[in-house]
$ cat work_16.pdb   # PDB, C-alpha atoms
MODEL        1
ATOM      1  CA  MET A1400       0.000   0.000   0.000
ATOM      2  CA  PRO A1401       1.810   3.150  -1.153
ATOM      3  CA  THR A1402       2.256   6.017   1.234
ATOM      4  CA  ILE A1403       0.084   8.878   0.039
ATOM      5  CA  ILE A1404       0.705  11.319   2.820
ATOM      6  CA  THR A1405       4.352  11.897   3.560
ATOM      7  CA  LYS A1406       5.653  13.973   6.412
ATOM      8  CA  GLU A1407       6.334  16.827   3.984
ATOM      9  CA  LEU A1408       2.776  16.698   2.731
ATOM     10  CA  ALA A1409       1.405  16.443   6.281
ATOM     11  CA  GLN A1410       3.222  19.660   7.147
ATOM     12  CA  LYS A1411       1.782  21.359   4.069
ATOM     13  CA  ILE A1412      -1.683  20.229   5.125
ATOM     14  CA  ALA A1413      -1.091  21.609   8.611
ATOM     15  CA  ASP A1414      -0.011  24.920   7.062
ATOM     16  CA  LYS A1415      -2.987  24.958   4.707
ATOM     17  CA  LEU A1416      -5.408  24.379   7.561
ATOM     18  CA  GLN A1417      -3.601  27.014   9.653
ATOM     19  CA  ALA A1418      -3.134  24.408  12.336
ATOM     20  CA  VAL A1419      -1.584  25.590  15.577
ATOM     21  CA  LEU A1420       1.495  23.772  16.779
ATOM     22  CA  HIS A1421       1.419  22.665  20.401
ATOM     23  CA  PRO A1422       4.982  21.614  21.043
ATOM     24  CA  LYS A1423       5.742  19.274  23.910
ATOM     25  CA  THR A1424       9.112  18.017  24.979
ATOM     26  CA  ASN A1425      10.058  14.356  24.991
ATOM     27  CA  ARG A1426       7.450  13.457  22.448
ATOM     28  CA  PRO A1427       7.913  11.549  19.192
ATOM     29  CA  HIS A1428       5.532  13.952  17.455
ATOM     30  CA  ASP A1429       4.357  17.536  17.258
ATOM     31  CA  LEU A1430       0.682  18.059  17.897
ATOM     32  CA  PHE A1431      -1.156  20.272  15.422
ATOM     33  CA  VAL A1432      -4.578  21.595  16.358
ATOM     34  CA  VAL A1433      -6.998  22.966  13.794
ATOM     35  CA  TYR A1434      -9.376  25.686  14.970
ATOM     36  CA  HIS A1435     -12.185  27.291  13.021
ATOM     37  CA  GLU A1436     -13.934  30.382  14.324
ATOM     38  CA  GLY A1437     -12.723  29.663  17.812
ATOM     39  CA  GLN A1438     -13.790  26.025  17.768
ATOM     40  CA  LEU A1439     -11.371  23.176  18.054
ATOM     41  CA  ILE A1440     -12.119  21.067  14.988
ATOM     42  CA  THR A1441      -9.443  18.431  14.904
ATOM     43  CA  GLN A1442      -5.890  17.611  15.848
ATOM     44  CA  PHE A1443      -3.221  15.330  14.518
ATOM     45  CA  GLY A1444       0.390  14.463  15.139
ATOM     46  CA  ILE A1445       3.341  14.892  12.824
ATOM     47  CA  ARG A1446       6.312  12.712  13.626
ATOM     48  CA  ARG A1447       9.596  14.318  14.482
ATOM     49  CA  GLY A1448      11.673  11.948  12.343
ATOM     50  CA  SER A1449      14.081  13.499   9.878
ATOM     51  CA  ARG A1450      12.757  11.761   6.780
ATOM     52  CA  LYS A1451      10.555  13.910   4.567
ATOM     53  CA  ASP A1452       8.924  10.838   3.055
ATOM     54  CA  GLU A1453       8.010   9.340   6.413
ATOM     55  CA  GLY A1454       4.495   7.946   6.208
ATOM     56  CA  HIS A1455       1.677  10.004   7.732
ATOM     57  CA  ASP A1456      -1.303   8.035   6.548
ATOM     58  CA  HIS A1457      -3.136   8.816   9.778
ATOM     59  CA  VAL A1458      -3.658  12.438   8.735
ATOM     60  CA  PRO A1459      -6.516  11.953   6.220
ATOM     61  CA  SER A1460      -8.814  10.323   8.767
ATOM     62  CA  ALA A1461      -7.964  12.997  11.326
ATOM     63  CA  ILE A1462      -9.006  15.749   8.943
ATOM     64  CA  ARG A1463     -11.964  13.692   7.689
ATOM     65  CA  LEU A1464     -10.829  13.477   4.087
ATOM     66  CA  SER A1465     -10.013  10.610   1.787
ATOM     67  CA  PRO A1466      -6.289  10.120   1.223
ATOM     68  CA  ASN A1467      -6.570  11.560  -2.280
ATOM     69  CA  LYS A1468      -8.428  14.641  -1.129
ATOM     70  CA  ALA A1469      -5.939  15.085   1.682
ATOM     71  CA  ARG A1470      -3.179  14.969  -0.902
ATOM     72  CA  LEU A1471      -4.972  17.595  -2.994
ATOM     73  CA  LEU A1472      -5.336  19.757   0.103
ATOM     74  CA  GLY A1473      -1.609  19.580   0.710
ATOM     75  CA  GLN A1474      -0.712  20.094  -2.921
ATOM     76  CA  CYS A1475      -2.754  23.270  -3.410
ATOM     77  CA  PRO A1476      -5.801  22.647  -5.618
ATOM     78  CA  MET A1477      -8.016  22.341  -2.561
ATOM     79  CA  LEU A1478      -8.307  25.400  -0.341
ATOM     80  CA  ARG A1479      -8.987  25.684   3.350
ATOM     81  CA  GLU A1480     -12.402  27.093   2.500
ATOM     82  CA  ASP A1481     -13.172  23.995   0.458
ATOM     83  CA  TRP A1482     -12.217  21.836   3.398
ATOM     84  CA  VAL A1483     -14.350  23.901   5.792
ATOM     85  CA  ALA A1484     -17.313  23.613   3.409
ATOM     86  CA  GLU A1485     -16.869  19.846   3.261
ATOM     87  CA  MET A1486     -16.596  19.614   7.050
ATOM     88  CA  ILE A1487     -19.798  21.604   7.435
ATOM     89  CA  GLU A1488     -21.484  19.175   5.058
ATOM     90  CA  LYS A1489     -20.229  16.273   7.125
ATOM     91  CA  GLY A1490     -21.290  17.900  10.379
ATOM     92  CA  VAL A1491     -17.730  18.101  11.646
ATOM     93  CA  ILE A1492     -17.956  21.896  11.744
ATOM     94  CA  LEU A1493     -21.132  23.520  12.932
ATOM     95  CA  PRO A1494     -22.385  26.186  10.503
ATOM     96  CA  ARG A1495     -22.580  29.739  11.731
ATOM     97  CA  GLU A1496     -25.967  30.526  13.334
TER      98      GLU A1496
ATOM     99  CA  MET B 140      32.979 -75.685 -12.863
ATOM    100  CA  PRO B 141      29.633 -77.461 -12.605
ATOM    101  CA  PHE B 142      27.359 -76.632  -9.761
ATOM    102  CA  THR B 143      27.029 -79.310  -7.134
ATOM    103  CA  LYS B 144      25.504 -79.244  -3.724
ATOM    104  CA  ASN B 145      28.765 -79.932  -2.031
ATOM    105  CA  ARG B 146      30.690 -77.133  -3.646
ATOM    106  CA  ILE B 147      30.725 -73.525  -2.648
ATOM    107  CA  SER B 148      30.970 -72.054  -6.144
ATOM    108  CA  GLY B 149      27.938 -69.850  -6.660
ATOM    109  CA  PHE B 150      27.425 -69.918  -2.954
ATOM    110  CA  VAL B 151      25.125 -67.244  -1.728
ATOM    111  CA  PRO B 152      26.133 -66.074   1.705
ATOM    112  CA  GLY B 153      23.173 -66.750   3.795
ATOM    113  CA  HIS B 154      21.043 -64.535   5.938
ATOM    114  CA  GLY B 155      17.536 -64.679   7.138
ATOM    115  CA  GLY B 156      17.034 -68.386   7.458
ATOM    116  CA  SER B 157      18.798 -69.552   4.302
ATOM    117  CA  GLY B 158      20.772 -71.967   6.419
ATOM    118  CA  TYR B 159      24.127 -70.751   5.125
ATOM    119  CA  PRO B 160      26.824 -69.401   7.340
ATOM    120  CA  PRO B 161      27.133 -65.641   7.396
ATOM    121  CA  VAL B 162      29.799 -63.967   5.276
ATOM    122  CA  TRP B 163      31.995 -63.333   8.247
ATOM    123  CA  GLY B 164      32.408 -67.095   8.524
ATOM    124  CA  PHE B 165      34.574 -67.178   5.429
ATOM    125  CA  GLY B 166      37.763 -66.225   7.242
ATOM    126  CA  ARG B 167      38.088 -69.716   8.549
ATOM    127  CA  LEU B 168      36.985 -71.209   5.237
ATOM    128  CA  GLU B 169      39.665 -69.273   3.399
ATOM    129  CA  ASP B 170      42.297 -70.672   5.695
ATOM    130  CA  GLU B 171      41.073 -74.178   5.002
ATOM    131  CA  MET B 172      40.932 -73.486   1.241
ATOM    132  CA  VAL B 173      44.549 -72.352   1.315
ATOM    133  CA  ALA B 174      45.410 -75.448   3.261
ATOM    134  CA  SER B 175      43.545 -77.568   0.675
ATOM    135  CA  CYS B 176      45.593 -75.991  -2.123
ATOM    136  CA  GLU B 177      48.748 -76.759  -0.256
ATOM    137  CA  LEU B 178      47.649 -80.371   0.062
ATOM    138  CA  GLY B 179      46.861 -80.526  -3.663
ATOM    139  CA  ARG B 180      43.099 -80.756  -3.153
ATOM    140  CA  ASP B 181      40.455 -78.768  -4.950
ATOM    141  CA  PRO B 182      40.055 -75.672  -2.774
ATOM    142  CA  PHE B 183      36.435 -75.347  -3.831
ATOM    143  CA  ASP B 184      35.536 -78.640  -2.230
ATOM    144  CA  LEU B 185      33.741 -77.835   0.944
ATOM    145  CA  PRO B 186      36.156 -78.080   3.802
ATOM    146  CA  SER B 187      35.502 -80.472   6.605
ATOM    147  CA  SER B 188      34.803 -77.639   9.013
ATOM    148  CA  PHE B 189      31.888 -76.421   6.917
ATOM    149  CA  GLU B 190      28.794 -77.850   8.417
ATOM    150  CA  GLN B 191      26.223 -77.627   5.751
ATOM    151  CA  PRO B 192      22.755 -78.448   6.893
ATOM    152  CA  ALA B 193      21.311 -81.233   4.884
ATOM    153  CA  ASP B 194      19.084 -80.259   1.982
ATOM    154  CA  THR B 195      19.350 -76.506   2.703
ATOM    155  CA  LEU B 196      21.024 -75.442  -0.510
ATOM    156  CA  GLN B 197      18.075 -75.201  -2.736
ATOM    157  CA  GLU B 198      18.166 -75.848  -6.442
ATOM    158  CA  ASN B 199      15.973 -72.854  -7.209
ATOM    159  CA  TRP B 200      18.254 -70.346  -5.495
ATOM    160  CA  ALA B 201      18.366 -68.224  -8.627
ATOM    161  CA  GLN B 202      14.611 -67.914  -8.632
ATOM    162  CA  GLN B 203      14.654 -67.108  -4.940
ATOM    163  CA  LEU B 204      17.348 -64.533  -5.533
ATOM    164  CA  GLY B 205      15.267 -63.018  -8.311
ATOM    165  CA  ALA B 206      12.233 -62.980  -6.065
ATOM    166  CA  ALA B 207      14.263 -61.404  -3.257
ATOM    167  CA  ILE B 208      15.580 -58.753  -5.636
ATOM    168  CA  ASP B 209      12.048 -58.102  -6.850
ATOM    169  CA  GLN B 210      10.909 -57.809  -3.244
ATOM    170  CA  LEU B 211      13.782 -55.484  -2.468
ATOM    171  CA  ALA B 212      13.017 -53.421  -5.563
ATOM    172  CA  GLY B 213       9.403 -53.208  -4.399
ATOM    173  CA  VAL B 214      10.468 -52.034  -0.960
ATOM    174  CA  VAL B 215      12.871 -49.487  -2.475
ATOM    175  CA  ALA B 216      10.152 -48.224  -4.800
ATOM    176  CA  ALA B 217       7.727 -47.879  -1.881
ATOM    177  CA  LYS B 218      10.373 -46.070   0.179
ATOM    178  CA  ARG B 219      11.157 -43.788  -2.737
ATOM    179  CA  LYS B 220       7.471 -43.015  -3.179
ATOM    180  CA  GLU B 221       7.198 -42.254   0.526
ATOM    181  CA  TYR B 222      10.342 -40.099   0.346
ATOM    182  CA  LEU B 223       8.981 -38.142  -2.608
ATOM    183  CA  ARG B 224       5.705 -37.674  -0.770
ATOM    184  CA  LEU B 225       7.586 -36.338   2.268
ATOM    185  CA  VAL B 226       9.630 -34.006   0.060
ATOM    186  CA  GLN B 227       6.411 -32.738  -1.504
ATOM    187  CA  LEU B 228       4.855 -32.278   1.935
ATOM    188  CA  GLU B 229       7.927 -30.392   3.120
ATOM    189  CA  GLN B 230       7.704 -28.111   0.099
ATOM    190  CA  ASP B 231       3.999 -27.558   0.709
ATOM    191  CA  ILE B 232       4.613 -26.743   4.382
ATOM    192  CA  ASN B 233       7.372 -24.293   3.478
ATOM    193  CA  ALA B 234       5.090 -22.641   0.919
ATOM    194  CA  LEU B 235       2.343 -22.387   3.544
ATOM    195  CA  LYS B 236       4.773 -20.935   6.086
ATOM    196  CA  THR B 237       5.806 -18.283   3.567
ATOM    197  CA  ARG B 238       2.181 -17.514   2.776
ATOM    198  CA  VAL B 239       1.216 -17.289   6.444
ATOM    199  CA  SER B 240       4.173 -15.025   7.060
ATOM    200  CA  GLN B 241       3.116 -12.793   4.177
ATOM    201  CA  LEU B 242      -0.447 -12.683   5.435
ATOM    202  CA  GLU B 243       0.698 -11.907   8.955
ATOM    203  CA  SER B 244       2.806  -9.010   7.778
ATOM    204  CA  SER B 245       0.219  -7.614   5.379
ATOM    205  CA  GLN B 246      -2.926  -7.840   7.423
ATOM    206  CA  SER B 247      -4.318  -5.756  10.191
ATOM    207  CA  ILE B 248      -3.917  -6.956  13.716
ATOM    208  CA  ILE B 249      -5.729  -5.860  16.836
ATOM    209  CA  VAL B 250      -3.500  -4.876  19.704
ATOM    210  CA  PRO B 251      -5.103  -4.680  23.127
ATOM    211  CA  VAL B 252      -3.689  -1.838  25.150
ATOM    212  CA  THR B 253      -3.823  -2.381  28.873
ATOM    213  CA  THR B 254      -1.751   0.511  30.185
ATOM    214  CA  LEU B 255      -0.678   4.028  29.327
ATOM    215  CA  ASP B 256       2.277   3.991  31.724
ATOM    216  CA  PRO B 257       4.372   6.015  32.304
ATOM    217  CA  GLU B 258       1.813   8.694  31.412
ATOM    218  CA  PRO B 259      -0.210   9.947  34.389
ATOM    219  CA  PHE B 260      -3.345   8.210  33.185
ATOM    220  CA  GLN B 261      -4.996   4.982  34.048
ATOM    221  CA  LEU B 262      -7.105   2.904  31.749
ATOM    222  CA  LEU B 263     -10.637   2.054  32.805
ATOM    223  CA  ARG B 264     -10.798  -0.669  30.155
ATOM    224  CA  ASP B 265      -8.555  -1.983  27.456
ATOM    225  CA  MET B 266      -8.204  -0.014  24.260
ATOM    226  CA  GLN B 267      -8.120  -1.913  20.994
ATOM    227  CA  PHE B 268      -5.658  -0.510  18.504
ATOM    228  CA  VAL B 269      -5.929  -1.709  14.934
ATOM    229  CA  VAL B 270      -2.479  -1.861  13.401
ATOM    230  CA  ARG B 271      -2.076  -2.260   9.670
ATOM    231  CA  PRO B 272       0.933  -2.084   7.416
ATOM    232  CA  THR B 273       1.555   0.919   5.188
ATOM    233  CA  ASP B 274       4.117   1.313   2.448
ATOM    234  CA  ASP B 275       6.980   2.129   4.772
ATOM    235  CA  GLY B 276       5.727   1.254   8.228
ATOM    236  CA  TYR B 277       2.590   0.748  10.243
ATOM    237  CA  LEU B 278      -0.487   2.722  11.105
ATOM    238  CA  ALA B 279      -2.104   2.236  14.503
ATOM    239  CA  THR B 280      -5.623   3.508  14.969
ATOM    240  CA  LEU B 281      -8.058   3.767  17.827
ATOM    241  CA  PHE B 282     -11.141   3.758  15.650
ATOM    242  CA  ASP B 283     -13.557   4.510  18.474
ATOM    243  CA  ALA B 284     -11.989   7.931  18.869
ATOM    244  CA  ASN B 285     -10.730   8.293  15.281
ATOM    245  CA  ILE B 286      -7.164   8.857  16.402
ATOM    246  CA  GLY B 287      -4.288   7.328  14.498
ATOM    247  CA  MET B 288      -0.541   7.472  14.316
ATOM    248  CA  THR B 289       2.162   5.858  12.221
ATOM    249  CA  GLY B 290       5.467   4.262  13.120
ATOM    250  CA  ASP B 291       8.280   2.384  11.439
ATOM    251  CA  THR B 292       7.340  -0.794  13.287
ATOM    252  CA  ARG B 293       4.148  -2.111  14.813
ATOM    253  CA  GLU B 294       5.534  -1.480  18.274
ATOM    254  CA  GLU B 295       6.543   2.063  17.408
ATOM    255  CA  ALA B 296       3.163   2.815  15.865
ATOM    256  CA  VAL B 297       1.416   1.556  19.010
ATOM    257  CA  ALA B 298       3.762   3.477  21.319
ATOM    258  CA  ASN B 299       3.366   6.650  19.235
ATOM    259  CA  LEU B 300      -0.398   6.344  19.306
ATOM    260  CA  LYS B 301      -0.470   5.930  23.081
ATOM    261  CA  VAL B 302       1.488   9.151  23.524
ATOM    262  CA  LEU B 303      -0.629  10.969  20.960
ATOM    263  CA  ILE B 304      -3.834   9.906  22.685
ATOM    264  CA  VAL B 305      -2.554  11.323  25.952
ATOM    265  CA  ASP B 306      -1.610  14.619  24.276
ATOM    266  CA  ILE B 307      -4.933  14.845  22.473
ATOM    267  CA  PHE B 308      -6.789  14.114  25.699
ATOM    268  CA  ASP B 309      -4.842  16.903  27.418
ATOM    269  CA  GLN B 310      -5.617  19.280  24.584
ATOM    270  CA  LEU B 311      -9.294  18.381  24.575
ATOM    271  CA  GLU B 312      -9.559  18.921  28.313
ATOM    272  CA  GLN B 313      -7.867  22.295  28.086
ATOM    273  CA  ASN B 314     -10.253  23.396  25.312
ATOM    274  CA  GLU B 315     -13.380  21.739  26.581
ATOM    275  CA  ASP B 316     -15.487  24.887  26.262
ATOM    276  CA  LYS B 317     -14.704  25.260  22.568
ATOM    277  CA  LEU B 318     -14.844  21.762  21.177
ATOM    278  CA  GLY B 319     -16.482  21.085  17.842
ATOM    279  CA  PRO B 320     -18.763  18.077  17.423
ATOM    280  CA  GLU B 321     -15.993  15.633  16.568
ATOM    281  CA  PRO B 322     -13.604  16.601  19.402
ATOM    282  CA  ALA B 323     -16.553  16.581  21.812
ATOM    283  CA  ARG B 324     -17.276  13.027  20.751
ATOM    284  CA  GLN B 325     -13.589  12.151  21.014
ATOM    285  CA  ILE B 326     -13.271  13.326  24.606
ATOM    286  CA  ALA B 327     -16.425  11.460  25.570
ATOM    287  CA  VAL B 328     -15.012   8.292  24.044
ATOM    288  CA  LEU B 329     -11.603   8.790  25.620
ATOM    289  CA  ARG B 330     -13.148   9.376  29.035
ATOM    290  CA  SER B 331     -14.812   6.017  28.763
ATOM    291  CA  PHE B 332     -11.352   4.527  28.394
ATOM    292  CA  MET B 333      -9.083   6.585  30.620
ATOM    293  CA  ARG B 334      -8.844   9.014  33.468
ATOM    294  CA  ARG B 335      -6.106  11.103  34.962
ATOM    295  CA  ARG B 336      -4.314   9.524  37.895
ATOM    296  CA  GLN B 337      -5.069  11.206  41.202
TER     297      GLN B 337
ENDMDL
END

$ encode --input "work_16.pdb" --output "structure tokens"
Amino acid sequence: MPTIITKELAQKIADKLQAVLHPKTNRPHDLFVVYHEGQLITQFGIRRGSRKDEGHDHVPSAIRLSPNKARLLGQCPMLREDWVAEMIEKGVILPRE
Amino acid sequence: MPFTKNRISGFVPGHGGSGYPPVWGFGRLEDEMVASCELGRDPFDLPSSFEQPADTLQENWAQQLGAAIDQLAGVVAAKRKEYLRLVQLEQDINALKTRVSQLESSQSIIVPVTTLDPEPFQLLRDMQFVVRPTDDGYLATLFDANIGMTGDTREEAVANLKVLIVDIFDQLEQNEDKLGPEPARQIAVLRSFMRRRQ
């Protein structure tokens, strides 16, 4: 099963989602938390290993996307707004009152 | 030299009830044959020391020999068949072992987690991590809470996930007043599994 989400791509996804890094010492990962309009939406870990191609196949399920969509999110075609819209559709983000 | 009952030409050393002395008995016979030569007698005449049972040298020895060879050939053929069957079985077992090994390494396994030590949390019940191989490692997931983490080995993936769960639990607790639907569900699930040590 090929790795779709590498560490490099996971970091791009974190950047795209404007995830906030919550660093902790003595941890094998960095914790990234995604907020939207003050709500905590999701969080995922990115391993601290040095390899850029290190597998991060846990990220798609954390951000509620298929691996391919997660890849598109990291590689630009998909915007944060697109992701938010999809999360609202899925009920992961509550729409504004 | 014509075959006669009282000569040892064509003598088949006897085993298994043939009535003939075993081959190791010839040492003494040889000595007597040499002595016979020295005395000018036919060395192939049975020496006096050879006690041949009466009527034990059978006329149809050649047929019996043929039958014995046939029997031996039958036994050898049966043994060979059995050997080939065992070789085939060994090959089949090795192929199965390889297949089982491949299946074991390519399929998901469920890992029961009974402790979060040394983290300051205690488990209220076992967590079940599903660990499956990825292209370059393993992915461990706690599906109930939709939390996953990768690692180079199964053990590393499980260890990484344990630590991540603790960090996520911390984060969820700190932000409890601003959790979206999914994190709110996550913390509820996690609380059914774990609690902070007093």

$ resolve_selection --input "work_16.pdb" --expression "the PyMOL selection byres ((chain B) within 6 of (chain A))" --output "PyMOL selection string"
chain B and resi 273-274+287-288+317-321

$ atom_distance --input "work_16.pdb" --atom1 "CA of Arg1447 (chain A)" --atom2 "CA of Gln1417 (chain A)"
18.9 Å

$ atom_distance --input "work_16.pdb" --atom1 "CA of Arg238 (chain B)" --atom2 "CA of Thr292 (chain B)"
20.4 Å

$ residues_around --input "work_16.pdb" --residues "Lys1411 (chain A)" --least-positions-apart "5" --cutoff "10 Å" --atoms "all atoms listed in the file" --output "PyMOL selection string"
chain A and resi 1405-1406+1416-1417+1470+1472-1475

$ atom_distance --input "work_16.pdb" --atom1 "CA of Leu281 (chain B)" --atom2 "CA of Leu1408 (chain A)"
22.6 Å

$ residues_near_point --input "work_16.pdb" --point "(-3.1, 6.3, 17.1)" --cutoff "10 Å" --atoms "all atoms listed in the file" --output "PyMOL selection string"
(chain A and resi 1443-1444+1457) or (chain B and resi 268-270+278-282+284-290+296-304)
